[in-house]
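Asks: Contents of query-v4.cif (mmCIF, C-alpha atoms) are given next:
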data_input
loop_
_atom_site.group_PDB
_atom_site.id
_atom_site.type_symbol
_atom_site.label_atom_id
_atom_site.label_comp_id
_atom_site.auth_asym_id
_atom_site.auth_seq_id
_atom_site.Cartn_x
_atom_site.Cartn_y
_atom_site.Cartn_z
ATOM 1 C CA MET L 1 -1.214 -29.928 26.454
ATOM 2 C CA GLN L 2 -3.272 -26.858 27.363
ATOM 3 C CA ILE L 3 -0.750 -25.868 30.058
ATOM 4 C CA LYS L 4 2.101 -26.106 27.531
ATOM 5 C CA ILE L 5 0.287 -23.801 25.098
ATOM 6 C CA LEU L 6 -0.443 -21.324 27.902
ATOM 7 C CA LEU L 7 3.201 -21.307 29.015
ATOM 8 C CA PHE L 8 4.355 -20.834 25.416
ATOM 9 C CA PHE L 9 2.224 -17.711 24.951
ATOM 10 C CA LEU L 10 3.378 -16.289 28.290
ATOM 11 C CA LEU L 11 7.024 -16.857 27.353
ATOM 12 C CA MET L 12 6.615 -15.227 23.938
ATOM 13 C CA LEU L 13 4.814 -12.243 25.485
ATOM 14 C CA LEU L 14 7.661 -11.720 27.966
ATOM 15 C CA LEU L 15 10.197 -11.877 25.141
ATOM 16 C CA LEU L 16 8.287 -9.264 23.149
ATOM 17 C CA VAL L 17 8.308 -6.840 26.066
ATOM 18 C CA SER L 18 11.931 -7.395 27.072
ATOM 19 C CA LEU L 19 13.685 -7.508 23.694
ATOM 20 C CA PRO L 20 14.078 -4.610 21.238
ATOM 21 C CA SER L 21 11.827 -4.823 18.212
ATOM 22 C CA THR L 22 11.382 -3.102 14.892
ATOM 23 C CA ALA L 23 8.791 -0.631 16.126
ATOM 24 C CA ALA L 24 9.270 2.966 15.138
ATOM 25 C CA ASP L 25 10.229 5.712 17.534
ATOM 26 C CA SER L 26 6.881 7.463 17.181
ATOM 27 C CA TYR L 27 3.566 7.532 15.355
ATOM 28 C CA ARG L 28 2.361 10.649 13.575
ATOM 29 C CA PRO L 29 -1.166 12.068 13.976
ATOM 30 C CA ALA L 30 -2.147 11.490 10.331
ATOM 31 C CA ALA L 31 -1.108 7.861 10.767
ATOM 32 C CA PHE L 32 -3.567 7.565 13.675
ATOM 33 C CA ILE L 33 -6.268 7.046 11.054
ATOM 34 C CA PHE L 34 -4.610 3.727 10.183
ATOM 35 C CA GLU L 35 -4.419 2.533 13.786
ATOM 36 C CA GLU L 36 -6.706 -0.324 14.746
ATOM 37 C CA ILE L 37 -8.104 1.070 17.983
ATOM 38 C CA GLY L 38 -8.406 -1.268 20.968
ATOM 39 C CA ALA L 39 -5.874 -3.280 22.955
ATOM 40 C CA ARG L 40 -7.131 -6.590 21.579
ATOM 41 C CA SER L 41 -6.723 -5.380 18.005
ATOM 42 C CA THR L 42 -3.288 -3.949 18.793
ATOM 43 C CA GLY L 43 -2.137 -7.221 20.353
ATOM 44 C CA LEU L 44 -3.306 -9.093 17.243
ATOM 45 C CA GLY L 45 -1.260 -6.867 14.945
ATOM 46 C CA GLY L 46 -4.396 -5.249 13.518
ATOM 47 C CA ALA L 47 -5.383 -8.523 11.802
ATOM 48 C CA THR L 48 -9.007 -8.056 12.847
ATOM 49 C CA THR L 49 -10.908 -7.490 9.595
ATOM 50 C CA ALA L 50 -12.375 -11.004 9.800
ATOM 51 C CA LEU L 51 -11.896 -11.723 13.506
ATOM 52 C CA LEU L 52 -13.779 -9.096 15.509
ATOM 53 C CA ASP L 53 -17.561 -9.259 15.905
ATOM 54 C CA ASP L 54 -18.132 -6.866 18.807
ATOM 55 C CA VAL L 55 -18.411 -3.083 19.281
ATOM 56 C CA THR L 56 -14.775 -2.561 18.219
ATOM 57 C CA SER L 57 -15.688 -3.848 14.744
ATOM 58 C CA LEU L 58 -16.679 -0.253 14.019
ATOM 59 C CA TYR L 59 -12.956 0.565 13.730
ATOM 60 C CA SER L 60 -11.812 -2.503 11.762
ATOM 61 C CA ASN L 61 -14.810 -3.763 9.754
ATOM 62 C CA PRO L 62 -18.339 -2.426 10.436
ATOM 63 C CA ALA L 63 -19.846 -5.620 8.983
ATOM 64 C CA GLY L 64 -18.679 -7.365 12.165
ATOM 65 C CA LEU L 65 -21.157 -5.313 14.206
ATOM 66 C CA THR L 66 -23.801 -7.907 13.327
ATOM 67 C CA GLY L 67 -22.232 -10.128 15.988
ATOM 68 C CA VAL L 68 -23.476 -7.705 18.680
ATOM 69 C CA ASP L 69 -26.769 -8.915 20.177
ATOM 70 C CA GLN L 70 -26.613 -6.851 23.388
ATOM 71 C CA TYR L 71 -25.700 -3.270 24.231
ATOM 72 C CA GLN L 72 -21.910 -2.899 24.356
ATOM 73 C CA THR L 73 -19.684 -0.052 25.513
ATOM 74 C CA PHE L 74 -15.963 0.301 24.971
ATOM 75 C CA PHE L 75 -13.291 2.471 26.610
ATOM 76 C CA ASP L 76 -9.684 2.651 25.453
ATOM 77 C CA LEU L 77 -6.597 4.525 26.656
ATOM 78 C CA GLY L 78 -3.009 4.338 25.461
ATOM 79 C CA ASN L 79 0.058 6.117 24.182
ATOM 80 C CA THR L 80 1.639 6.310 20.744
ATOM 81 C CA HIS L 81 4.870 7.860 22.009
ATOM 82 C CA SER L 82 6.445 8.760 25.333
ATOM 83 C CA ARG L 83 4.594 12.108 25.316
ATOM 84 C CA ASP L 84 1.503 11.241 23.259
ATOM 85 C CA LEU L 85 -1.842 10.022 24.592
ATOM 86 C CA PHE L 86 -4.999 8.788 22.902
ATOM 87 C CA GLY L 87 -8.389 7.671 24.152
ATOM 88 C CA SER L 88 -11.532 6.190 22.625
ATOM 89 C CA PHE L 89 -15.150 5.533 23.521
ATOM 90 C CA ALA L 90 -17.710 3.513 21.557
ATOM 91 C CA LEU L 91 -21.292 2.335 21.989
ATOM 92 C CA ALA L 92 -23.084 -0.367 19.968
ATOM 93 C CA ILE L 93 -26.875 -0.754 19.932
ATOM 94 C CA PRO L 94 -28.593 -3.730 18.219
ATOM 95 C CA PHE L 95 -31.820 -2.951 16.355
ATOM 96 C CA GLN L 96 -34.381 -5.580 15.397
ATOM 97 C CA ARG L 97 -32.805 -8.899 14.393
ATOM 98 C CA ARG L 98 -30.479 -7.935 11.566
ATOM 99 C CA THR L 99 -28.983 -4.484 12.203
ATOM 100 C CA THR L 100 -26.576 -3.003 14.755
ATOM 101 C CA VAL L 101 -25.605 0.686 14.942
ATOM 102 C CA ALA L 102 -22.493 2.037 16.679
ATOM 103 C CA ILE L 103 -21.020 5.455 17.451
ATOM 104 C CA ALA L 104 -17.511 6.328 18.629
ATOM 105 C CA TYR L 105 -15.187 9.163 19.553
ATOM 106 C CA SER L 106 -11.378 9.045 19.594
ATOM 107 C CA GLY L 107 -8.846 11.706 20.518
ATOM 108 C CA LEU L 108 -5.070 11.972 20.184
ATOM 109 C CA LYS L 109 -2.818 14.513 21.918
ATOM 110 C CA LEU L 110 0.728 14.880 20.609
ATOM 111 C CA ASP L 111 3.587 17.023 21.891
ATOM 112 C CA ASP L 112 6.474 17.102 19.428
ATOM 113 C CA ARG L 113 9.709 18.520 20.845
ATOM 114 C CA TYR L 114 12.439 19.761 18.541
ATOM 115 C CA SER L 115 15.553 21.918 18.773
ATOM 116 C CA ILE L 116 16.862 24.651 16.469
ATOM 117 C CA PRO L 117 20.006 26.817 16.647
ATOM 118 C CA VAL L 118 19.355 30.427 17.699
ATOM 119 C CA LEU L 119 21.833 33.297 17.444
ATOM 120 C CA GLY L 120 22.388 34.777 20.895
ATOM 121 C CA ASN L 121 23.453 38.231 22.059
ATOM 122 C CA ASP L 122 27.038 36.973 22.257
ATOM 123 C CA ASN L 123 26.954 36.307 18.472
ATOM 124 C CA ASN L 124 27.126 32.570 19.133
ATOM 125 C CA TYR L 125 24.510 29.984 18.216
ATOM 126 C CA HIS L 126 22.675 28.262 21.059
ATOM 127 C CA THR L 127 20.217 25.376 20.949
ATOM 128 C CA LYS L 128 16.650 26.283 21.848
ATOM 129 C CA GLN L 129 13.871 23.756 22.393
ATOM 130 C CA TYR L 130 10.352 24.190 21.043
ATOM 131 C CA ILE L 131 7.200 22.150 21.591
ATOM 132 C CA LYS L 132 4.604 21.697 18.861
ATOM 133 C CA SER L 133 1.259 20.507 20.250
ATOM 134 C CA GLU L 134 -1.429 18.821 18.182
ATOM 135 C CA MET L 135 -4.897 17.518 18.981
ATOM 136 C CA GLN L 136 -6.710 15.112 16.690
ATOM 137 C CA ASP L 137 -10.412 14.383 17.214
ATOM 138 C CA ILE L 138 -12.249 11.607 15.383
ATOM 139 C CA ALA L 139 -16.022 11.041 15.463
ATOM 140 C CA GLU L 140 -17.463 7.945 13.810
ATOM 141 C CA ILE L 141 -20.847 6.339 13.186
ATOM 142 C CA GLY L 142 -21.545 3.065 11.424
ATOM 143 C CA PHE L 143 -23.821 0.072 11.061
ATOM 144 C CA GLY L 144 -23.706 -3.627 10.266
ATOM 145 C CA ARG L 145 -26.562 -5.583 8.691
ATOM 146 C CA ILE L 146 -27.179 -9.273 8.020
ATOM 147 C CA ILE L 147 -28.291 -9.693 4.395
ATOM 148 C CA GLY L 148 -28.153 -13.454 4.004
ATOM 149 C CA ARG L 149 -27.146 -16.710 5.590
ATOM 150 C CA GLY L 150 -23.731 -16.026 7.089
ATOM 151 C CA LEU L 151 -23.314 -12.842 5.016
ATOM 152 C CA SER L 152 -23.118 -9.328 6.481
ATOM 153 C CA ILE L 153 -22.288 -5.878 5.176
ATOM 154 C CA GLY L 154 -21.406 -2.663 6.972
ATOM 155 C CA ALA L 155 -20.478 0.963 6.435
ATOM 156 C CA SER L 156 -19.240 3.855 8.542
ATOM 157 C CA ALA L 157 -18.519 7.567 8.240
ATOM 158 C CA ARG L 158 -15.553 9.113 10.041
ATOM 159 C CA TYR L 159 -14.887 12.803 10.624
ATOM 160 C CA THR L 160 -11.408 13.826 11.742
ATOM 161 C CA LYS L 161 -10.092 17.232 12.756
ATOM 162 C CA THR L 162 -6.556 18.226 13.728
ATOM 163 C CA ALA L 163 -5.691 21.456 15.558
ATOM 164 C CA SER L 164 -2.034 22.382 15.981
ATOM 165 C CA THR L 165 0.145 25.210 17.222
ATOM 166 C CA ASP L 166 1.793 24.889 13.809
ATOM 167 C CA PRO L 167 -0.347 27.027 11.436
ATOM 168 C CA PHE L 168 0.499 24.649 8.571
ATOM 169 C CA ALA L 169 -0.843 21.551 10.350
ATOM 170 C CA ASN L 170 -4.539 22.342 10.824
ATOM 171 C CA TYR L 171 -6.979 20.297 8.750
ATOM 172 C CA ASP L 172 -10.193 18.282 8.811
ATOM 173 C CA GLY L 173 -11.982 15.799 6.581
ATOM 174 C CA LEU L 174 -14.778 13.248 6.199
ATOM 175 C CA PHE L 175 -14.075 9.634 5.201
ATOM 176 C CA GLY L 176 -16.138 6.586 4.390
ATOM 177 C CA ASN L 177 -15.469 2.909 5.153
ATOM 178 C CA ILE L 178 -17.303 -0.154 3.822
ATOM 179 C CA GLY L 179 -16.940 -3.821 4.719
ATOM 180 C CA ILE L 180 -18.251 -7.312 4.078
ATOM 181 C CA ARG L 181 -18.065 -10.454 6.233
ATOM 182 C CA TYR L 182 -18.940 -14.080 5.496
ATOM 183 C CA ASN L 183 -19.229 -16.901 8.027
ATOM 184 C CA SER L 184 -18.404 -19.905 5.870
ATOM 185 C CA ALA L 185 -19.846 -23.408 6.051
ATOM 186 C CA VAL L 186 -16.579 -24.523 7.674
ATOM 187 C CA LYS L 187 -17.129 -24.085 11.395
ATOM 188 C CA GLY L 188 -15.017 -21.257 12.786
ATOM 189 C CA MET L 189 -13.863 -19.974 9.372
ATOM 190 C CA VAL L 190 -14.666 -16.340 8.500
ATOM 191 C CA PHE L 191 -13.730 -14.338 5.391
ATOM 192 C CA ALA L 192 -13.917 -10.539 5.254
ATOM 193 C CA ALA L 193 -12.796 -7.458 3.329
ATOM 194 C CA THR L 194 -12.897 -3.677 3.785
ATOM 195 C CA VAL L 195 -12.250 -0.496 1.829
ATOM 196 C CA LYS L 196 -11.276 2.441 4.053
ATOM 197 C CA ASN L 197 -10.671 6.183 3.775
ATOM 198 C CA LEU L 198 -12.941 6.732 0.787
ATOM 199 C CA GLY L 199 -12.825 10.428 -0.052
ATOM 200 C CA GLY L 200 -9.488 10.599 1.751
ATOM 201 C CA LYS L 201 -8.656 14.276 1.310
ATOM 202 C CA LEU L 202 -8.104 16.511 4.314
ATOM 203 C CA LYS L 203 -8.983 20.191 3.949
ATOM 204 C CA GLY L 204 -6.997 22.924 5.634
ATOM 205 C CA SER L 205 -3.636 24.638 5.743
ATOM 206 C CA ALA L 206 -1.721 21.440 4.980
ATOM 207 C CA ASP L 207 -4.188 19.515 2.750
ATOM 208 C CA PRO L 208 -2.496 16.114 3.282
ATOM 209 C CA ASP L 209 -3.828 13.094 1.408
ATOM 210 C CA ILE L 210 -4.945 9.997 3.305
ATOM 211 C CA PRO L 211 -4.606 7.054 0.904
ATOM 212 C CA ILE L 212 -7.462 4.620 0.389
ATOM 213 C CA SER L 213 -6.671 1.223 1.895
ATOM 214 C CA VAL L 214 -8.070 -2.198 0.993
ATOM 215 C CA SER L 215 -7.912 -5.148 3.406
ATOM 216 C CA ALA L 216 -8.900 -8.777 2.863
ATOM 217 C CA GLY L 217 -8.328 -11.770 5.084
ATOM 218 C CA PHE L 218 -9.710 -14.664 7.062
ATOM 219 C CA SER L 219 -9.893 -15.898 10.633
ATOM 220 C CA PHE L 220 -10.250 -19.368 12.055
ATOM 221 C CA GLY L 221 -11.351 -20.335 15.541
ATOM 222 C CA LYS L 222 -11.138 -23.820 16.992
ATOM 223 C CA LEU L 223 -12.357 -25.286 20.259
ATOM 224 C CA LEU L 224 -9.397 -27.147 21.775
ATOM 225 C CA SER L 225 -11.344 -28.635 24.676
ATOM 226 C CA SER L 226 -14.650 -28.099 26.420
ATOM 227 C CA ILE L 227 -13.420 -24.761 27.848
ATOM 228 C CA ASN L 228 -10.317 -23.721 25.860
ATOM 229 C CA TYR L 229 -10.137 -22.370 22.330
ATOM 230 C CA ALA L 230 -7.804 -20.531 19.950
ATOM 231 C CA ASN L 231 -8.211 -17.970 17.155
ATOM 232 C CA PHE L 232 -5.917 -17.232 14.235
ATOM 233 C CA ALA L 233 -6.211 -14.435 11.673
ATOM 234 C CA VAL L 234 -4.205 -13.199 8.701
ATOM 235 C CA GLU L 235 -4.915 -10.464 6.175
ATOM 236 C CA GLY L 236 -3.324 -8.469 3.418
ATOM 237 C CA ILE L 237 -3.633 -4.699 3.231
ATOM 238 C CA ALA L 238 -2.745 -2.371 0.378
ATOM 239 C CA THR L 239 -2.895 1.411 0.033
ATOM 240 C CA GLU L 240 -2.799 3.743 -2.944
ATOM 241 C CA LYS L 241 0.800 4.750 -2.274
ATOM 242 C CA HIS L 242 2.404 1.675 -0.724
ATOM 243 C CA ASP L 243 3.046 -1.972 -1.467
ATOM 244 C CA LEU L 244 1.058 -4.855 -0.066
ATOM 245 C CA ALA L 245 1.611 -5.513 3.643
ATOM 246 C CA VAL L 246 0.623 -8.467 5.816
ATOM 247 C CA ARG L 247 -0.925 -8.550 9.271
ATOM 248 C CA ALA L 248 -1.269 -11.691 11.370
ATOM 249 C CA GLY L 249 -2.365 -12.549 14.888
ATOM 250 C CA ALA L 250 -3.179 -15.497 17.136
ATOM 251 C CA GLU L 251 -4.823 -15.766 20.538
ATOM 252 C CA TYR L 252 -5.450 -18.533 23.043
ATOM 253 C CA TRP L 253 -8.289 -18.497 25.584
ATOM 254 C CA TRP L 254 -8.159 -20.541 28.745
ATOM 255 C CA ALA L 255 -11.536 -21.326 30.332
ATOM 256 C CA ASN L 256 -12.920 -18.149 28.706
ATOM 257 C CA TYR L 257 -11.303 -16.167 31.536
ATOM 258 C CA LEU L 258 -7.733 -15.549 30.392
ATOM 259 C CA GLY L 259 -6.656 -14.707 26.844
ATOM 260 C CA LEU L 260 -3.112 -14.389 25.478
ATOM 261 C CA ARG L 261 -2.229 -13.077 22.027
ATOM 262 C CA LEU L 262 0.628 -12.334 19.661
ATOM 263 C CA GLY L 263 0.575 -10.232 16.508
ATOM 264 C CA TYR L 264 2.598 -8.870 13.624
ATOM 265 C CA ASP L 265 1.740 -5.625 11.808
ATOM 266 C CA GLY L 266 3.507 -5.323 8.459
ATOM 267 C CA LEU L 267 1.857 -1.958 7.807
ATOM 268 C CA ALA L 268 3.764 -0.295 10.659
ATOM 269 C CA ARG L 269 6.623 0.552 8.282
ATOM 270 C CA GLU L 270 4.233 2.492 6.049
ATOM 271 C CA LYS L 271 2.440 4.229 8.922
ATOM 272 C CA THR L 272 5.582 5.500 10.578
ATOM 273 C CA GLY L 273 7.801 6.133 7.582
ATOM 274 C CA ASN L 274 10.703 4.092 8.959
ATOM 275 C CA SER L 275 12.592 1.406 7.054
ATOM 276 C CA TYR L 276 12.690 -1.289 9.724
ATOM 277 C CA GLY L 277 9.785 -3.389 8.468
ATOM 278 C CA GLY L 278 6.775 -4.462 10.517
ATOM 279 C CA THR L 279 6.354 -4.623 14.268
ATOM 280 C CA PHE L 280 5.656 -7.490 16.636
ATOM 281 C CA ARG L 281 3.390 -7.004 19.617
ATOM 282 C CA GLY L 282 1.506 -8.947 22.278
ATOM 283 C CA GLY L 283 -1.406 -8.695 24.675
ATOM 284 C CA ILE L 284 -3.421 -10.278 27.450
ATOM 285 C CA SER L 285 -7.139 -10.312 28.363
ATOM 286 C CA VAL L 286 -9.090 -11.036 31.521
ATOM 287 C CA ASN L 287 -12.818 -11.714 31.300
ATOM 288 C CA PHE L 288 -15.143 -10.992 34.245
ATOM 289 C CA ARG L 289 -18.585 -12.130 33.115
ATOM 290 C CA GLU L 290 -19.959 -9.016 31.372
ATOM 291 C CA MET L 291 -16.659 -7.079 31.408
ATOM 292 C CA LEU L 292 -13.553 -7.758 29.324
ATOM 293 C CA ILE L 293 -10.217 -6.080 30.146
ATOM 294 C CA ASP L 294 -7.520 -6.044 27.441
ATOM 295 C CA LEU L 295 -3.876 -4.957 27.688
ATOM 296 C CA ALA L 296 -1.386 -4.654 24.814
ATOM 297 C CA ALA L 297 2.250 -3.651 24.312
ATOM 298 C CA VAL L 298 4.262 -2.720 21.204
ATOM 299 C CA PRO L 299 7.939 -2.633 22.265
ATOM 300 C CA ALA L 300 10.100 0.099 20.724
ATOM 301 C CA ARG L 301 13.567 -0.671 19.410
ATOM 302 C CA ASN L 302 15.064 2.215 21.417
ATOM 303 C CA GLY L 303 13.770 1.286 24.853
ATOM 304 C CA LEU L 304 10.659 0.741 26.928
ATOM 305 C CA ARG L 305 10.126 4.485 27.379
ATOM 306 C CA ASN L 306 9.083 4.837 23.737
ATOM 307 C CA SER L 307 7.001 1.652 23.626
ATOM 308 C CA ARG L 308 3.313 1.757 22.884
ATOM 309 C CA LEU L 309 1.042 0.630 25.727
ATOM 310 C CA GLU L 310 -2.734 0.329 25.572
ATOM 311 C CA ALA L 311 -5.590 -0.720 27.857
ATOM 312 C CA SER L 312 -9.245 -1.325 26.951
ATOM 313 C CA ILE L 313 -12.460 -2.209 28.763
ATOM 314 C CA ARG L 314 -15.514 -3.633 27.000
ATOM 315 C CA MET L 315 -18.805 -4.073 28.841
ATOM 316 C CA VAL L 316 -21.986 -5.885 27.804
ATOM 317 C CA PHE L 317 -25.414 -5.172 29.268
ATOM 318 C CA GLY L 318 -29.096 -5.559 28.452
ATOM 319 C CA GLU L 319 -31.017 -8.510 27.086
ATOM 320 C CA GLY L 320 -30.012 -10.110 23.802
ATOM 321 C CA ARG L 321 -31.978 -8.971 20.753
ATOM 322 C CA ARG L 322 -31.292 -11.940 18.459
ATOM 323 C CA ARG L 323 -31.743 -14.888 20.782
#
Could you express the structure from this file as structure tokens?
Replies:
Amino acid sequence: MQIKILLFFLLMLLLLVSLPSTAADSYRPAAFIFEEIGARSTGLGGATTALLDDVTSLYSNPAGLTGVDQYQTFFDLGNTHSRDLFGSFALAIPFQRRTTVAIAYSGLKLDDRYSIPVLGNDNNYHTKQYIKSEMQDIAEIGFGRIIGRGLSIGASARYTKTASTDPFANYDGLFGNIGIRYNSAVKGMVFAATVKNLGGKLKGSADPDIPISVSAGFSFGKLLSSINYANFAVEGIATEKHDLAVRAGAEYWWANYLGLRLGYDGLAREKTGNSYGGTFRGGISVNFREMLIDLAAVPARNGLRNSRLEASIRMVFGEGRRR
């Protein structure tokens, strides 16, 4: 039975990579604020509000940081377009028995190429290519704290700054995120909710608004045998300016060494401004004792060249603080 499940996930992952999907051609820098950073989160479709309880919880729900009982570091590298790159680093430090603090930095480099007609010396119009470069830097700090039996809260502050060769696309701003997480009496069942981008107004030449978003969902994990288990998560997310969207993801772990996952992100349509609906994606993980390697892919509908690829490494070290 376990082999059949493993083969099913492998087959679905291959189909996701090989077939065209509804993913958009590109992601814009302002939309990077909505991205759930980390290959595991990407592979799960961003449905991680209730699922994650490690250092990457800082990005999805800071209340999940209470699951960190050892020092954890996180490195992430990926692309949002054929010419765009982003990277992230995070560190989580547990304090006492109830509180964990985390800090993170993320950066996005975007080169946007476009063509305009230019009148030449021969009085004819010729196409000339231009490149608009943008850099987005995001610094974040947050904490998670246990306040009761199975109940945790968390909050984070995020500063983002964008510098562009376009004088009308330079801005910066400070945002706040809050979250709550509850481990229910049902074993493996977790409920959680977040409110993100509080104070979502960027200051600068463009002054774009970043809408507040509210997410709520649950996750369920079940041990399938003595060494194999599966997780499932689903959540709804709503913003000030868009309708309700759904995210869902599932993952299967074999012997705690190999993980396979599938996800659907219904918010992708809102983030990218296209009308093709949500995007499907997939991922794989390999666990080497204190180091976890995650890979994820979001196939683009216009070819592999424009697909999103992401790789993450999470490392654990030090003695546990809550044992």
Asks: Tell me, in Å to one decimal, how far CA of Ala233 in chain L is from CA of Gln70 in chain L.
Replies: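 Separation between CA of Ala233 in chain L and CA of Gln70 in chain L: 24.7 Å.
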Asks: For the structure provided, state which residues fall under the PyMOL selection byres ((chain L and resi 95) around 10), and present them as a PDB file with C-alpha atoms, in the coordinates of the input.
Replies:
ATOM      1  CA  THR L  66     -23.801  -7.907  13.327  1.00  0.00           C
ATOM      2  CA  VAL L  68     -23.476  -7.705  18.680  1.00  0.00           C
ATOM      3  CA  ASP L  69     -26.769  -8.915  20.177  1.00  0.00           C
ATOM      4  CA  GLN L  70     -26.613  -6.851  23.388  1.00  0.00           C
ATOM      5  CA  TYR L  71     -25.700  -3.270  24.231  1.00  0.00           C
ATOM      6  CA  ALA L  92     -23.084  -0.367  19.968  1.00  0.00           C
ATOM      7  CA  ILE L  93     -26.875  -0.754  19.932  1.00  0.00           C
ATOM      8  CA  PRO L  94     -28.593  -3.730  18.219  1.00  0.00           C
ATOM      9  CA  GLN L  96     -34.381  -5.580  15.397  1.00  0.00           C
ATOM     10  CA  ARG L  97     -32.805  -8.899  14.393  1.00  0.00           C
ATOM     11  CA  ARG L  98     -30.479  -7.935  11.566  1.00  0.00           C
ATOM     12  CA  THR L  99     -28.983  -4.484  12.203  1.00  0.00           C
ATOM     13  CA  THR L 100     -26.576  -3.003  14.755  1.00  0.00           C
ATOM     14  CA  VAL L 101     -25.605   0.686  14.942  1.00  0.00           C
ATOM     15  CA  ARG L 145     -26.562  -5.583   8.691  1.00  0.00           C
ATOM     16  CA  ARG L 321     -31.978  -8.971  20.753  1.00  0.00           C
ATOM     17  CA  ARG L 322     -31.292 -11.940  18.459  1.00  0.00           C
TER      18      ARG L 322
END
Asks: CA of Leu85 in chain L and CA of Gly38 in chain L, how far apart in Å?
Replies: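 Atom-to-atom, CA of Gly38 in chain L to CA of Leu85 in chain L, that is 13.6 Å.
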Asks: With a distance cut-off of 12 Å and all atoms listed in the file, select the neighbouring residues of Val55 in chain L, excluding the residue or stretch itself and same-chain residues fewer than 6 positions from it, and output the selection as a PyMOL selection string.
Replies: chain L and resi 37-38+41+61-75+89-94+100-104+141-144+313-316
Asks: Taking the file as shown, find all residues satisfying the PyMOL selection byres ((chain L and resi 298) around 7) and write them as a list of chain:residue names.
Replies: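 Here the PyMOL selection byres ((chain L and resi 298) around 7) matches L:Phe280, L:Arg281, L:Gly282, L:Ala296, L:Ala297, L:Pro299, L:Ala300, L:Ser307, L:Arg308, L:Leu309.
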Asks: Pick out the closest residue to Ser213 in chain L from this set: L:Phe288, L:Lys109, L:Glu310, L:Ser60. Count all atoms listed in the file.
Replies: L:Ser60
Asks: Can you measure CA of Leu260 in chain L to CA of Glu290 in chain L for me? One decimal in Å is fine.
Replies: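 Going from CA of Leu260 in chain L over to CA of Glu290 in chain L covers 18.6 Å.
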Asks: Written as number ranges by chain, what is the full residue list that the PyMOL selection byres ((chain L and resi 286) around 6) yields on the file shown?
Replies: L: 257-258, 285, 287, 292-293
Asks: Write the residues of the preceding selection, restricted to C-alpha atoms, as a JSON list (two decimals), keeping the file's coordinate frame.
Replies:
[["chain", "number", "residue", "atom", "x", "y", "z"],
["L", 257, "TYR", "CA", -11.30, -16.17, 31.54],
["L", 258, "LEU", "CA", -7.73, -15.55, 30.39],
["L", 285, "SER", "CA", -7.14, -10.31, 28.36],
["L", 287, "ASN", "CA", -12.82, -11.71, 31.30],
["L", 292, "LEU", "CA", -13.55, -7.76, 29.32],
["L", 293, "ILE", "CA", -10.22, -6.08, 30.15]]
Asks: When you count all atoms listed in the file, which of these residues is closest to Arg247 in chain L: L:Ser226, L:Thr42, L:Asn177, L:Ser156?
Replies: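 Smallest distance to Arg247 in chain L is found for L:Thr42.
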Asks: Out of L:Ile227, L:Leu244, L:Ala163, L:Leu151, which residue has the shortest atom-to-atom distance to Leu108 in chain L when counting only C-alpha atoms?
Replies: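 For Leu108 in chain L, the nearest of the candidates is L:Ala163.
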Asks: Compile the contact shell of Ile178 in chain L as a PyMOL selection string: residues with an atom at most 6 Å away, counting only C-alpha atoms, same-chain residues fewer than 4 positions apart removed.
Replies: chain L and resi 154-155+194-195
